[in-house]
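J.: Quick one: this structure, given as structure tokens, is what I'll be asking you about.
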Amino acid sequence: MTDEQTQPLLEVRNLKTHFETDEGTVRAVDGIDYEVRRGEVLGIVGESGSGKSVSQISVLRLIPTPPGKIVDGEILFNGEDLLEKSDEEIRQMRGNQISMIWQDPMSSLNPFLRISRQLTETLEVHTDLDSDETRERAIEMLEMVGIPAARERIDQYPHQFSGGMRQRVMIAMALLCRPELLIADEPTTALDVTIQAQILELIKDLRDDFDTSVVIITHDLGVVAGMADRIVVMYGGRVMEEAPAKRLFHQPAHPYTVGLLKSVPRIDRGREKRLVPIEGSPPDPTDDNPGCPFAERCRWAVDKCHEEFPEPVEFEDGQRSYCWRAEEVYASELGAKASPEHQADIEERVESGERIDTPRT
Amino acid sequence: MADELLRVENLKKHFPVYEGAIFRKEVDRVKAVDGVSFEIEEEETLGLVGESGCGKSTLGRSIIQLHRPTSGRVNFDGVDLAALDDDDLHPLRRDLQMIFQDPFASLNPRMTVGSIIGEPLKVHDMASGDGLQRRVQELMDIVGLDPRYIRRYPHEFSGGQRQRIGIARAIACNPRFIVCDEPVSALDVSIQAQILNLLDDLQDEFGLTYLFIAHDLAAVRHISDRVAVMYLGHLAEIADSETLYRNPLHPYTEALNSAVPIPDPEIESGRERIVLEGNVPSPMDPPSGCVFHTRCPYAWDKCAKETPELQEVGDDHKVACHLIDEPERREEVDPAKSTGFGNEPGEVEASDDDAEDVELEA
Ligand SMILES: Nc1ncnc2c1ncn2[C@@H]1O[C@H](COP(=O)(O)OP(=O)(O)OP(=O)(O)O)[C@@H](O)[C@H]1O
Ligand SMILES: Nc1ncnc2c1ncn2[C@@H]1O[C@H](COP(=O)(O)OP(=O)(O)OP(=O)(O)O)[C@@H](O)[C@H]1O
Ligand code: SF4
Ligand SMILES: [Mg+2]
Ligand SMILES: [Mg+2]
């Protein structure tokens, strides 16, 4: 399969979603491009406030207006712009072609309704199955996501389920209508690691069974390493880098990606190595910054970085970095793989302000 | 080998659960910490991991006597803290400090940074007037805050900076022992490393001893010399950080290690994951025998009947598991494929569902 043959399921182009607040205009998402291909898992990583959730809520057209507004861009789903659709058309698509699993399952399940009611409601809206059929379909779905004794438990209330089981119910609900796109916003953040492992395995299996495309949002690089085919890294409302998972972890081409990879402790590494933190703190989202949002914390930054947002630099396999010095960063990281001395040398030269020649690979 | 600073012996902390508005009657007990023993050496970091609700914070608080233990001993430098009354404890409190998880909730929003950091110095009569101000500014400098911000309020700082305020306050009285309770879990990924490095540096500089609590095993392993794994009020295993990862002997440690994702797609795709069935049972009604037996892939009838003791299995490596006495059983089960102790996963889950109901009513 080549890119030309397959139209992506979702294409987001120059999306801008802003919020008017007392502190000023929050540029939550400020001009991002990415695509989700059919049957793939796309991971979106980045720190708190970088715009991960807003970018996906925009796709569902669920941005609270006011204060929020999608001020620019296109969201093409199967080639059609969702921003051009009527509210009724979008409502028909939500839960049907596009579903979302939210971060906190308790807040999105209705505590006063039996699980059965919450599941069949979705089916009644989107299908013409009768009530026995919807109930059977709901039970089937609960069994599929691993709720034991689903037939007996379907009439219980959400509080009678544990956190992990509620998250399974959410997933069952999201998959009831066999959506083409499943958006999972931090689906495991509130859960313990052993329960997280259960849920991630489940999402992977379901993707294989239904061939659903999945967008998984997380701040945990480990989670995307195990789940995602491709990864989008966000910072300050912008995409910093987009790449196939393997390339992102082994040949990053953006200083923020490199910084993230070096700053997270890894269970297989233990104590020996000191972490290399990214100094400073994330930007104020109300700043109307014409440059690269990472520039203030970036060791590679040059004057231009503060003035103008970088043009994307393309590498192999669709890897794309939004950085004025992407090629040098890429080369330096490759150099680091070759020998640590080379890396130290490059870093020293960079810090002293020298421009490094860019060996292309 | 350094000297032992702290020895916890058979520590228990049970919380009574009452019923009735007027005639309060104790109807149950949450056995949050149920017989835990370990030592910490001077200038060492002991990591403490385990799932939500297993009793990590309660254990930390009981050690520094923010909770008075139900029973057991906490020998700190030869003195049993649990046996002291409040007056005798007071002068020792400055040696025992805590850093909290939530840098937003744990700082008083109406106090300036200067008074937050200076408060323990005042309480323990260690500084006043100009001396106090100088010391506070020195502390701010040590933790990487600009001393000119001494009159600002917590909301004017970012999450990472607030955690630095909490750390400055904790080290103000030159303590010897600090319980760090999830000090980085509320922080941004790019900020966590800053705080972990700061804790490391402070330890070297001031000879601090830490109990480092977190559910993130990767962070714990990074900062700790030794790691203790807790499950439902009990210690499952304790070993040096390398052994705990390379050679775990408790099935729960094994599962925990395998569940933590590694940020490397090539390693991830080749990893065999042990997915535990079911959920953590309620500490109000813990399983009989080994508390882990309802989720353990190896469990057999003995596990439901007898509680395994924490026993020494090697150099500074202790495990509470019957497999230690019957190692051949390990070969008979593939933990990555098993679904657990003799019952369908359904039965296990159904029983915690009841537990969860009780918790809500309590
Ligand atoms: N309803 C709203 N009103 C005002 N600002 C908002 C609103 N929703 C989001 N924002 C702002 O938009 C920015 C991006 O938020 P978003 O929730 O997308 O971040 P995120 O990357 O998902 O972070 P997290 O990892 O914390 O979930 C933040 O600065 C946030 O404060
Ligand atoms: N003050 C209290 N009164 C009653 N029960 C309590 C109290 N504090 C804790 N518990 C209970 O004791 C058990 C252990 O709680 P603890 O906070 O120590 O767990 P933890 O391991 O720190 O969990 P987490 O990772 O979620 O912080 C829980 O069941 C909790 O509900
Ligand atoms: S564009 Fe400049 S500031 Fe931004 S990441 Fe690249 S080098 Fe750093
Ligand atoms: Mg979010
Ligand atoms: Mg806790």
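In the structure tokens, chains take the letters A, B, ... in the order shown, each chain's residues start at 1, and ligands count up from 1 in the order shown.
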So that I can see what lies close to Ala295 (chain A), please list as a list in words the residues with an atom at most 10 Å from it, counting only C-alpha atoms and leaving out residues fewer than 6 positions away in the same chain.
T.: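 Listing them by chain and then by number gives Pro255, Tyr256, Pro283, Ala301, Val302, Asp303, Lys304, Cys305, His306, Glu307, Phe309 and Cys323 of chain A.
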J.: Compile a residue-level contact table for chain B against chain A at a cut-off of 6 Å, reporting for every qualifying residue the shortest atom pair and its distance in Å to one decimal, with only C-alpha atoms counted, rows ordered by chain and ascending number, as CSV.
T.:
```
residue,atom,partner,partner_atom,distance
B:Glu51,CA,A:Asp192,CA,5.8
B:Asp188,CA,A:Glu47,CA,5.7
B:Ser190,CA,A:Ile278,CA,5.7
B:Ala193,CA,A:Pro277,CA,4.9
B:Gln194,CA,A:Pro277,CA,5.3
B:Ala218,CA,A:Ile267,CA,4.0
B:Ala219,CA,A:Pro265,CA,5.4
B:Arg221,CA,A:Gly270,CA,5.3
B:His222,CA,A:Arg271,CA,4.4
B:Ala259,CA,A:Ala197,CA,5.6
B:Pro261,CA,A:Gly222,CA,4.5
B:Ile262,CA,A:Gly222,CA,4.6
B:Pro263,CA,A:Gly222,CA,3.9
B:Asp264,CA,A:Ala225,CA,5.4
B:Pro265,CA,A:Ala225,CA,4.5
B:Glu268,CA,A:Gly226,CA,5.2
B:Val275,CA,A:Gln198,CA,5.9
B:Gly346,CA,A:Pro148,CA,4.5
B:Asp353,CA,A:Gln160,CA,5.8
B:Asp357,CA,A:Gln160,CA,6.0
```
J.: Using the selection just defined, write its residues with N, CA, C and O atoms as a JSON list (two decimals), in the first residue's frame.
T.:
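Result file result_16.json:
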```json
[["chain", "number", "residue", "atom", "x", "y", "z"],
["B", 51, "GLU", "N", -0.15, -0.29, 44.06],
["B", 51, "GLU", "CA", -1.30, 0.31, 43.40],
["B", 51, "GLU", "C", -2.05, 1.25, 44.33],
["B", 51, "GLU", "O", -1.89, 1.23, 45.54],
["B", 188, "ASP", "N", 4.24, 18.09, 34.98],
["B", 188, "ASP", "CA", 4.44, 17.83, 33.56],
["B", 188, "ASP", "C", 5.63, 16.92, 33.32],
["B", 188, "ASP", "O", 6.62, 16.99, 34.04],
["B", 190, "SER", "N", 8.01, 17.14, 31.27],
["B", 190, "SER", "CA", 9.29, 17.81, 31.08],
["B", 190, "SER", "C", 9.79, 18.44, 32.38],
["B", 190, "SER", "O", 10.93, 18.88, 32.46],
["B", 193, "ALA", "N", 11.79, 15.52, 35.57],
["B", 193, "ALA", "CA", 13.22, 15.25, 35.67],
["B", 193, "ALA", "C", 13.92, 16.34, 36.48],
["B", 193, "ALA", "O", 14.87, 16.07, 37.22],
["B", 194, "GLN", "N", 13.47, 17.59, 36.34],
["B", 194, "GLN", "CA", 14.07, 18.68, 37.12],
["B", 194, "GLN", "C", 13.96, 18.38, 38.61],
["B", 194, "GLN", "O", 14.92, 18.54, 39.37],
["B", 218, "ALA", "N", 9.14, 3.16, 37.16],
["B", 218, "ALA", "CA", 10.33, 3.63, 36.45],
["B", 218, "ALA", "C", 10.98, 4.78, 37.22],
["B", 218, "ALA", "O", 12.20, 4.80, 37.40],
["B", 219, "ALA", "N", 10.18, 5.73, 37.70],
["B", 219, "ALA", "CA", 10.73, 6.85, 38.47],
["B", 219, "ALA", "C", 11.31, 6.36, 39.79],
["B", 219, "ALA", "O", 12.39, 6.77, 40.20],
["B", 221, "ARG", "N", 12.51, 3.39, 40.49],
["B", 221, "ARG", "CA", 13.74, 2.66, 40.25],
["B", 221, "ARG", "C", 14.88, 3.62, 39.94],
["B", 221, "ARG", "O", 16.02, 3.39, 40.32],
["B", 222, "HIS", "N", 14.55, 4.70, 39.27],
["B", 222, "HIS", "CA", 15.58, 5.65, 38.92],
["B", 222, "HIS", "C", 16.21, 6.30, 40.16],
["B", 222, "HIS", "O", 17.41, 6.49, 40.24],
["B", 259, "ALA", "N", 4.29, -4.73, 33.42],
["B", 259, "ALA", "CA", 3.19, -3.83, 33.02],
["B", 259, "ALA", "C", 3.66, -2.42, 32.72],
["B", 259, "ALA", "O", 2.98, -1.67, 32.04],
["B", 261, "PRO", "N", 5.21, 0.35, 30.81],
["B", 261, "PRO", "CA", 5.65, 0.46, 29.43],
["B", 261, "PRO", "C", 7.03, 1.11, 29.31],
["B", 261, "PRO", "O", 7.39, 1.96, 30.12],
["B", 262, "ILE", "N", 7.79, 0.67, 28.33],
["B", 262, "ILE", "CA", 9.13, 1.22, 28.09],
["B", 262, "ILE", "C", 9.08, 2.08, 26.84],
["B", 262, "ILE", "O", 8.58, 1.63, 25.80],
["B", 263, "PRO", "N", 9.58, 3.32, 26.93],
["B", 263, "PRO", "CA", 9.51, 4.20, 25.75],
["B", 263, "PRO", "C", 10.49, 3.79, 24.66],
["B", 263, "PRO", "O", 11.46, 4.48, 24.39],
["B", 264, "ASP", "N", 10.25, 2.66, 24.06],
["B", 264, "ASP", "CA", 11.05, 2.20, 22.95],
["B", 264, "ASP", "C", 10.23, 1.14, 22.21],
["B", 264, "ASP", "O", 10.02, 0.04, 22.73],
["B", 265, "PRO", "N", 9.75, 1.48, 21.01],
["B", 265, "PRO", "CA", 8.84, 0.57, 20.30],
["B", 265, "PRO", "C", 9.44, -0.80, 20.02],
["B", 265, "PRO", "O", 8.73, -1.80, 20.03],
["B", 268, "GLU", "N", 9.27, -2.73, 23.26],
["B", 268, "GLU", "CA", 7.87, -3.00, 23.57],
["B", 268, "GLU", "C", 7.31, -4.14, 22.73],
["B", 268, "GLU", "O", 6.59, -5.00, 23.23],
["B", 275, "VAL", "N", -0.52, -9.90, 32.15],
["B", 275, "VAL", "CA", -1.67, -9.07, 32.44],
["B", 275, "VAL", "C", -2.44, -9.71, 33.59],
["B", 275, "VAL", "O", -2.99, -10.80, 33.46],
["B", 346, "GLY", "N", -14.24, -14.03, 36.42],
["B", 346, "GLY", "CA", -15.53, -13.47, 36.81],
["B", 346, "GLY", "C", -15.74, -13.49, 38.30],
["B", 346, "GLY", "O", -16.17, -12.51, 38.90],
["B", 353, "ASP", "N", -16.56, -6.23, 43.39],
["B", 353, "ASP", "CA", -17.66, -5.31, 43.15],
["B", 353, "ASP", "C", -18.40, -5.07, 44.46],
["B", 353, "ASP", "O", -18.73, -3.95, 44.82],
["B", 357, "ASP", "N", -18.95, -1.44, 46.68],
["B", 357, "ASP", "CA", -20.18, -0.91, 47.24],
["B", 357, "ASP", "C", -19.99, -0.46, 48.67],
["B", 357, "ASP", "O", -20.39, 0.62, 49.06]]
```
J.: Suppose you want the space between CA of Arg164 (chain B) and CA of Gly144 (chain B); what is it in Å?
T.: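 Computing it gives 7.4 Å between the two atoms.
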J.: With a cut-off of 9 Å, could you pull out the residues of chain A touching ligand 1 and give me the nearest pair of atoms for each, distance in Å to one decimal, using only C-alpha atoms and all ligand atoms, ordered by chain and ascending number, as a Markdown table?
T.:
```
| residue | atom | partner | partner_atom_place_in_ligand_line | distance |
| --- | --- | --- | --- | --- |
| A:Thr17 | CA | ligand 1 | 12 (O) | 8.5 |
| A:His18 | CA | ligand 1 | 12 (O) | 7.5 |
| A:Phe19 | CA | ligand 1 | 4 (C) | 5.1 |
| A:Glu20 | CA | ligand 1 | 4 (C) | 6.8 |
| A:Thr21 | CA | ligand 1 | 4 (C) | 6.1 |
| A:Thr25 | CA | ligand 1 | 5 (N) | 8.6 |
| A:Val26 | CA | ligand 1 | 5 (N) | 6.1 |
| A:Arg27 | CA | ligand 1 | 12 (O) | 6.8 |
| A:Ala28 | CA | ligand 1 | 12 (O) | 3.9 |
| A:Val29 | CA | ligand 1 | 14 (C) | 6.8 |
| A:Val45 | CA | ligand 1 | 21 (O) | 8.0 |
| A:Gly46 | CA | ligand 1 | 21 (O) | 6.3 |
| A:Glu47 | CA | ligand 1 | 25 (O) | 5.4 |
| A:Ser48 | CA | ligand 1 | 26 (O) | 3.4 |
| A:Gly49 | CA | ligand 1 | 19 (O) | 3.4 |
| A:Ser50 | CA | ligand 1 | 21 (O) | 3.9 |
| A:Gly51 | CA | ligand 1 | 18 (O) | 3.1 |
| A:Lys52 | CA | ligand 1 | 21 (O) | 3.7 |
| A:Ser53 | CA | ligand 1 | 22 (O) | 3.6 |
| A:Val54 | CA | ligand 1 | 18 (O) | 3.7 |
| A:Ser55 | CA | ligand 1 | 18 (O) | 6.2 |
| A:Gln56 | CA | ligand 1 | 18 (O) | 8.0 |
| A:Ile57 | CA | ligand 1 | 18 (O) | 8.2 |
| A:Ile63 | CA | ligand 1 | 1 (N) | 7.3 |
| A:Pro64 | CA | ligand 1 | 1 (N) | 6.2 |
| A:Thr65 | CA | ligand 1 | 1 (N) | 8.5 |
| A:Pro66 | CA | ligand 1 | 1 (N) | 8.4 |
| A:Pro67 | CA | ligand 1 | 3 (N) | 6.0 |
| A:Gly68 | CA | ligand 1 | 1 (N) | 6.4 |
| A:Gln103 | CA | ligand 1 | 27 (O) | 8.3 |
| A:Asp185 | CA | ligand 1 | 22 (O) | 8.0 |
| A:Glu186 | CA | ligand 1 | 27 (O) | 7.7 |
| A:Ile217 | CA | ligand 1 | 22 (O) | 7.9 |
| A:Thr218 | CA | ligand 1 | 25 (O) | 7.1 |
| A:His219 | CA | ligand 1 | 25 (O) | 6.3 |
| A:Met234 | CA | ligand 1 | 21 (O) | 7.8 |
| A:Tyr235 | CA | ligand 1 | 21 (O) | 8.1 |
| A:Gly236 | CA | ligand 1 | 14 (C) | 8.0 |
| A:Gly237 | CA | ligand 1 | 14 (C) | 6.8 |
| A:Asp284 | CA | ligand 1 | 29 (O) | 7.8 |
| A:Pro285 | CA | ligand 1 | 29 (O) | 5.3 |
| A:Thr286 | CA | ligand 1 | 29 (O) | 7.9 |
```
J.: Counting only C-alpha atoms and all ligand atoms, name the residues that have an atom within 9 Å of an atom of ligand 5; the answer should be given as an mmCIF file with N, CA and C atoms, in the first residue's frame.
T.:
```cif
data_model
loop_
_atom_site.group_PDB
_atom_site.id
_atom_site.type_symbol
_atom_site.label_atom_id
_atom_site.label_comp_id
_atom_site.auth_asym_id
_atom_site.auth_seq_id
_atom_site.Cartn_x
_atom_site.Cartn_y
_atom_site.Cartn_z
ATOM 1 N N SER B 52 -2.892 2.055 43.733
ATOM 2 C CA SER B 52 -3.674 3.027 44.478
ATOM 3 C C SER B 52 -4.433 2.342 45.617
ATOM 4 N N GLY B 53 -4.345 2.921 46.798
ATOM 5 C CA GLY B 53 -5.087 2.391 47.935
ATOM 6 C C GLY B 53 -4.387 1.274 48.685
ATOM 7 N N CYS B 54 -3.163 0.911 48.295
ATOM 8 C CA CYS B 54 -2.511 -0.219 48.956
ATOM 9 C C CYS B 54 -1.893 0.188 50.287
ATOM 10 N N GLY B 55 -1.879 1.491 50.601
ATOM 11 C CA GLY B 55 -1.410 1.919 51.921
ATOM 12 C C GLY B 55 -0.080 2.647 51.940
ATOM 13 N N LYS B 56 0.408 3.076 50.786
ATOM 14 C CA LYS B 56 1.708 3.732 50.726
ATOM 15 C C LYS B 56 1.742 5.030 51.530
ATOM 16 N N SER B 57 0.771 5.906 51.276
ATOM 17 C CA SER B 57 0.761 7.184 51.995
ATOM 18 C C SER B 57 0.548 6.956 53.480
ATOM 19 N N THR B 58 -0.337 6.040 53.808
ATOM 20 C CA THR B 58 -0.606 5.768 55.221
ATOM 21 C C THR B 58 0.666 5.282 55.909
ATOM 22 N N GLY B 60 3.787 5.962 55.010
ATOM 23 C CA GLY B 60 4.685 7.111 55.121
ATOM 24 C C GLY B 60 4.291 8.024 56.271
ATOM 25 N N GLN B 101 2.213 15.133 47.286
ATOM 26 C CA GLN B 101 1.961 14.914 45.869
ATOM 27 C C GLN B 101 1.490 16.170 45.152
ATOM 28 N N ASP B 181 6.062 11.874 49.073
ATOM 29 C CA ASP B 181 4.863 11.134 48.676
ATOM 30 C C ASP B 181 4.429 11.558 47.282
ATOM 31 N N GLU B 182 4.742 10.775 46.280
ATOM 32 C CA GLU B 182 4.417 11.066 44.881
ATOM 33 C C GLU B 182 4.834 12.489 44.507
ATOM 34 N N ILE B 213 7.830 7.570 47.683
ATOM 35 C CA ILE B 213 6.604 6.846 47.350
ATOM 36 C C ILE B 213 6.135 7.226 45.956
ATOM 37 N N ALA B 214 5.786 6.245 45.134
ATOM 38 C CA ALA B 214 5.198 6.558 43.837
ATOM 39 C C ALA B 214 4.557 5.312 43.271
ATOM 40 N N HIS B 215 3.613 5.510 42.347
ATOM 41 C CA HIS B 215 3.087 4.333 41.668
ATOM 42 C C HIS B 215 3.868 4.090 40.377
#
```
J.: Within 12 Å of Arg207 (chain A), counting only C-alpha atoms, which residues show up once you throw out same-chain ones fewer than 5 positions away? Write them as a ChimeraX atom specification, please.
T.: /A:38-42,171,175,178-183,200-202,212-216,227-229
J.: Atoms to include: C-alpha atoms. Write the selected residues as an mmCIF file, in the first residue's frame.
T.:
```
data_model
loop_
_atom_site.group_PDB
_atom_site.id
_atom_site.type_symbol
_atom_site.label_atom_id
_atom_site.label_comp_id
_atom_site.auth_asym_id
_atom_site.auth_seq_id
_atom_site.Cartn_x
_atom_site.Cartn_y
_atom_site.Cartn_z
ATOM 1 C CA ARG A 38 -7.097 3.717 7.965
ATOM 2 C CA GLY A 39 -6.539 0.996 10.527
ATOM 3 C CA GLU A 40 -3.644 2.733 12.231
ATOM 4 C CA VAL A 41 -3.084 3.802 15.810
ATOM 5 C CA LEU A 42 -1.926 7.402 15.994
ATOM 6 C CA ILE A 171 -14.853 1.377 25.496
ATOM 7 C CA LEU A 175 -17.441 0.635 19.948
ATOM 8 C CA ARG A 178 -18.443 0.004 15.032
ATOM 9 C CA PRO A 179 -16.970 3.474 14.487
ATOM 10 C CA GLU A 180 -14.340 4.096 11.844
ATOM 11 C CA LEU A 181 -12.410 6.321 14.235
ATOM 12 C CA LEU A 182 -11.964 5.847 17.965
ATOM 13 C CA ILE A 183 -10.442 8.715 19.921
ATOM 14 C CA LEU A 200 -4.189 -1.216 26.465
ATOM 15 C CA GLU A 201 -4.191 -4.882 25.455
ATOM 16 C CA LEU A 202 -7.930 -4.606 24.960
ATOM 17 C CA THR A 212 -10.871 0.722 13.581
ATOM 18 C CA SER A 213 -8.461 3.665 13.399
ATOM 19 C CA VAL A 214 -7.453 4.806 16.853
ATOM 20 C CA VAL A 215 -6.132 8.135 18.112
ATOM 21 C CA ILE A 216 -4.644 7.709 21.552
ATOM 22 C CA MET A 227 0.598 1.096 20.990
ATOM 23 C CA ALA A 228 1.124 3.586 18.195
ATOM 24 C CA ASP A 229 2.100 3.120 14.564
#
```
J.: Using only C-alpha atoms for the distances, tell me which of B:Ile63, B:Ala170, B:Ile274, B:Cys303 is nearest to Phe38 (chain B).
T.: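 That would be B:Ile63, the residue with the smallest distance to Phe38 (chain B).
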J.: Please measure the separation of CA of Ile223 (chain B) and CA of Ile142 (chain B), giving the value in Å to one decimal.
T.: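 It comes out at 19.5 Å.
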J.: Can you tell me, as a ChimeraX atom specification, what residues are no more than 12 Å from His14 (chain B) when counting only C-alpha atoms, ignoring any on the same chain fewer than 6 positions away?
T.: /B:26,28-35,55,58-59,62,67-72,233,283-284
J.: Identify all residues of region 120-235 of chain B in helix (DSSP H, G or I) (DSSP on the backbone) and supply them as JSON, numbers by chain.
T.: {"B": [120, 121, 122, 123, 129, 130, 131, 132, 133, 134, 135, 136, 137, 138, 139, 140, 141, 142, 147, 148, 149, 150, 151, 154, 155, 156, 159, 160, 161, 162, 163, 164, 165, 166, 167, 168, 169, 170, 171, 189, 190, 191, 192, 193, 194, 195, 196, 197, 198, 199, 200, 201, 202, 203, 204, 205, 206, 217, 218, 219, 220, 221, 222, 223]}
J.: Keeping only C-alpha atoms, write the selected residues to a file as an mmCIF file, in the first residue's frame.
T.:
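The resulting file, out23.cif, is reproduced below:
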```cif
data_model
loop_
_atom_site.group_PDB
_atom_site.id
_atom_site.type_symbol
_atom_site.label_atom_id
_atom_site.label_comp_id
_atom_site.auth_asym_id
_atom_site.auth_seq_id
_atom_site.Cartn_x
_atom_site.Cartn_y
_atom_site.Cartn_z
ATOM 1 C CA PRO B 120 8.740 25.288 60.305
ATOM 2 C CA LEU B 121 11.770 27.412 61.255
ATOM 3 C CA LYS B 122 9.528 29.499 63.489
ATOM 4 C CA VAL B 123 7.710 26.516 64.956
ATOM 5 C CA GLY B 129 13.703 38.372 62.102
ATOM 6 C CA ASP B 130 16.438 39.068 59.584
ATOM 7 C CA GLY B 131 17.990 35.677 60.160
ATOM 8 C CA LEU B 132 14.724 34.023 59.177
ATOM 9 C CA GLN B 133 14.455 36.052 56.003
ATOM 10 C CA ARG B 134 18.066 35.304 55.078
ATOM 11 C CA ARG B 135 17.584 31.603 55.685
ATOM 12 C CA VAL B 136 14.385 31.525 53.606
ATOM 13 C CA GLN B 137 16.141 33.235 50.714
ATOM 14 C CA GLU B 138 19.022 30.844 50.995
ATOM 15 C CA LEU B 139 16.576 27.916 50.857
ATOM 16 C CA MET B 140 14.853 29.379 47.804
ATOM 17 C CA ASP B 141 18.195 29.643 46.112
ATOM 18 C CA ILE B 142 19.060 26.036 46.982
ATOM 19 C CA PRO B 147 14.844 34.664 46.120
ATOM 20 C CA ARG B 148 13.329 37.960 44.957
ATOM 21 C CA TYR B 149 9.951 36.202 44.764
ATOM 22 C CA ILE B 150 9.832 35.769 48.542
ATOM 23 C CA ARG B 151 6.683 37.892 48.879
ATOM 24 C CA PRO B 154 1.649 30.136 45.515
ATOM 25 C CA HIS B 155 -0.798 30.798 42.663
ATOM 26 C CA GLU B 156 1.811 32.993 41.016
ATOM 27 C CA GLY B 159 3.425 23.457 39.230
ATOM 28 C CA GLY B 160 7.127 22.648 39.184
ATOM 29 C CA GLN B 161 7.966 25.832 41.063
ATOM 30 C CA ARG B 162 5.319 25.072 43.676
ATOM 31 C CA GLN B 163 6.842 21.679 44.200
ATOM 32 C CA ARG B 164 10.157 23.466 44.758
ATOM 33 C CA ILE B 165 8.449 25.581 47.443
ATOM 34 C CA GLY B 166 7.250 22.395 49.139
ATOM 35 C CA ILE B 167 10.766 20.987 48.991
ATOM 36 C CA ALA B 168 12.317 24.177 50.427
ATOM 37 C CA ARG B 169 9.866 23.975 53.303
ATOM 38 C CA ALA B 170 10.661 20.325 53.912
ATOM 39 C CA ILE B 171 14.417 20.899 54.091
ATOM 40 C CA VAL B 189 6.655 15.247 31.934
ATOM 41 C CA SER B 190 9.294 17.815 31.077
ATOM 42 C CA ILE B 191 9.354 19.093 34.696
ATOM 43 C CA GLN B 192 9.549 15.735 36.483
ATOM 44 C CA ALA B 193 13.219 15.253 35.671
ATOM 45 C CA GLN B 194 14.072 18.685 37.123
ATOM 46 C CA ILE B 195 12.531 17.729 40.463
ATOM 47 C CA LEU B 196 14.008 14.216 40.527
ATOM 48 C CA ASN B 197 17.466 15.679 39.916
ATOM 49 C CA LEU B 198 16.912 18.317 42.604
ATOM 50 C CA LEU B 199 15.983 15.640 45.151
ATOM 51 C CA ASP B 200 19.085 13.705 44.172
ATOM 52 C CA ASP B 201 21.331 16.756 44.571
ATOM 53 C CA LEU B 202 19.843 17.697 47.945
ATOM 54 C CA GLN B 203 20.429 14.201 49.195
ATOM 55 C CA ASP B 204 24.109 14.375 48.290
ATOM 56 C CA GLU B 205 24.527 17.835 49.688
ATOM 57 C CA PHE B 206 22.709 17.451 53.000
ATOM 58 C CA LEU B 217 8.004 2.128 39.064
ATOM 59 C CA ALA B 218 10.325 3.631 36.452
ATOM 60 C CA ALA B 219 10.729 6.849 38.465
ATOM 61 C CA VAL B 220 11.100 4.901 41.703
ATOM 62 C CA ARG B 221 13.737 2.657 40.255
ATOM 63 C CA HIS B 222 15.585 5.655 38.920
ATOM 64 C CA ILE B 223 15.888 7.426 42.257
#
```
J.: Would you return as an NGL selection string the members of region 130-334 of chain B that DSSP assigns to strand (DSSP E) on this structure's backbone?
T.: :B and (177-181 or 209-213 or 226-231 or 234-240 or 311-314 or 317-319)
J.: Residues within 10 Å of Pro286 (chain B), please, as a ChimeraX atom specification. Count only C-alpha atoms; anything in the same chain fewer than 3 positions from it doesn't count.
T.: /B:30-31,232-233,280-283,289-292,294,352,355
J.: Nearest to His293 (chain B): which of B:His317, B:His322, B:Lys25, B:Arg271 is it, counting only C-alpha atoms?
T.: B:His322
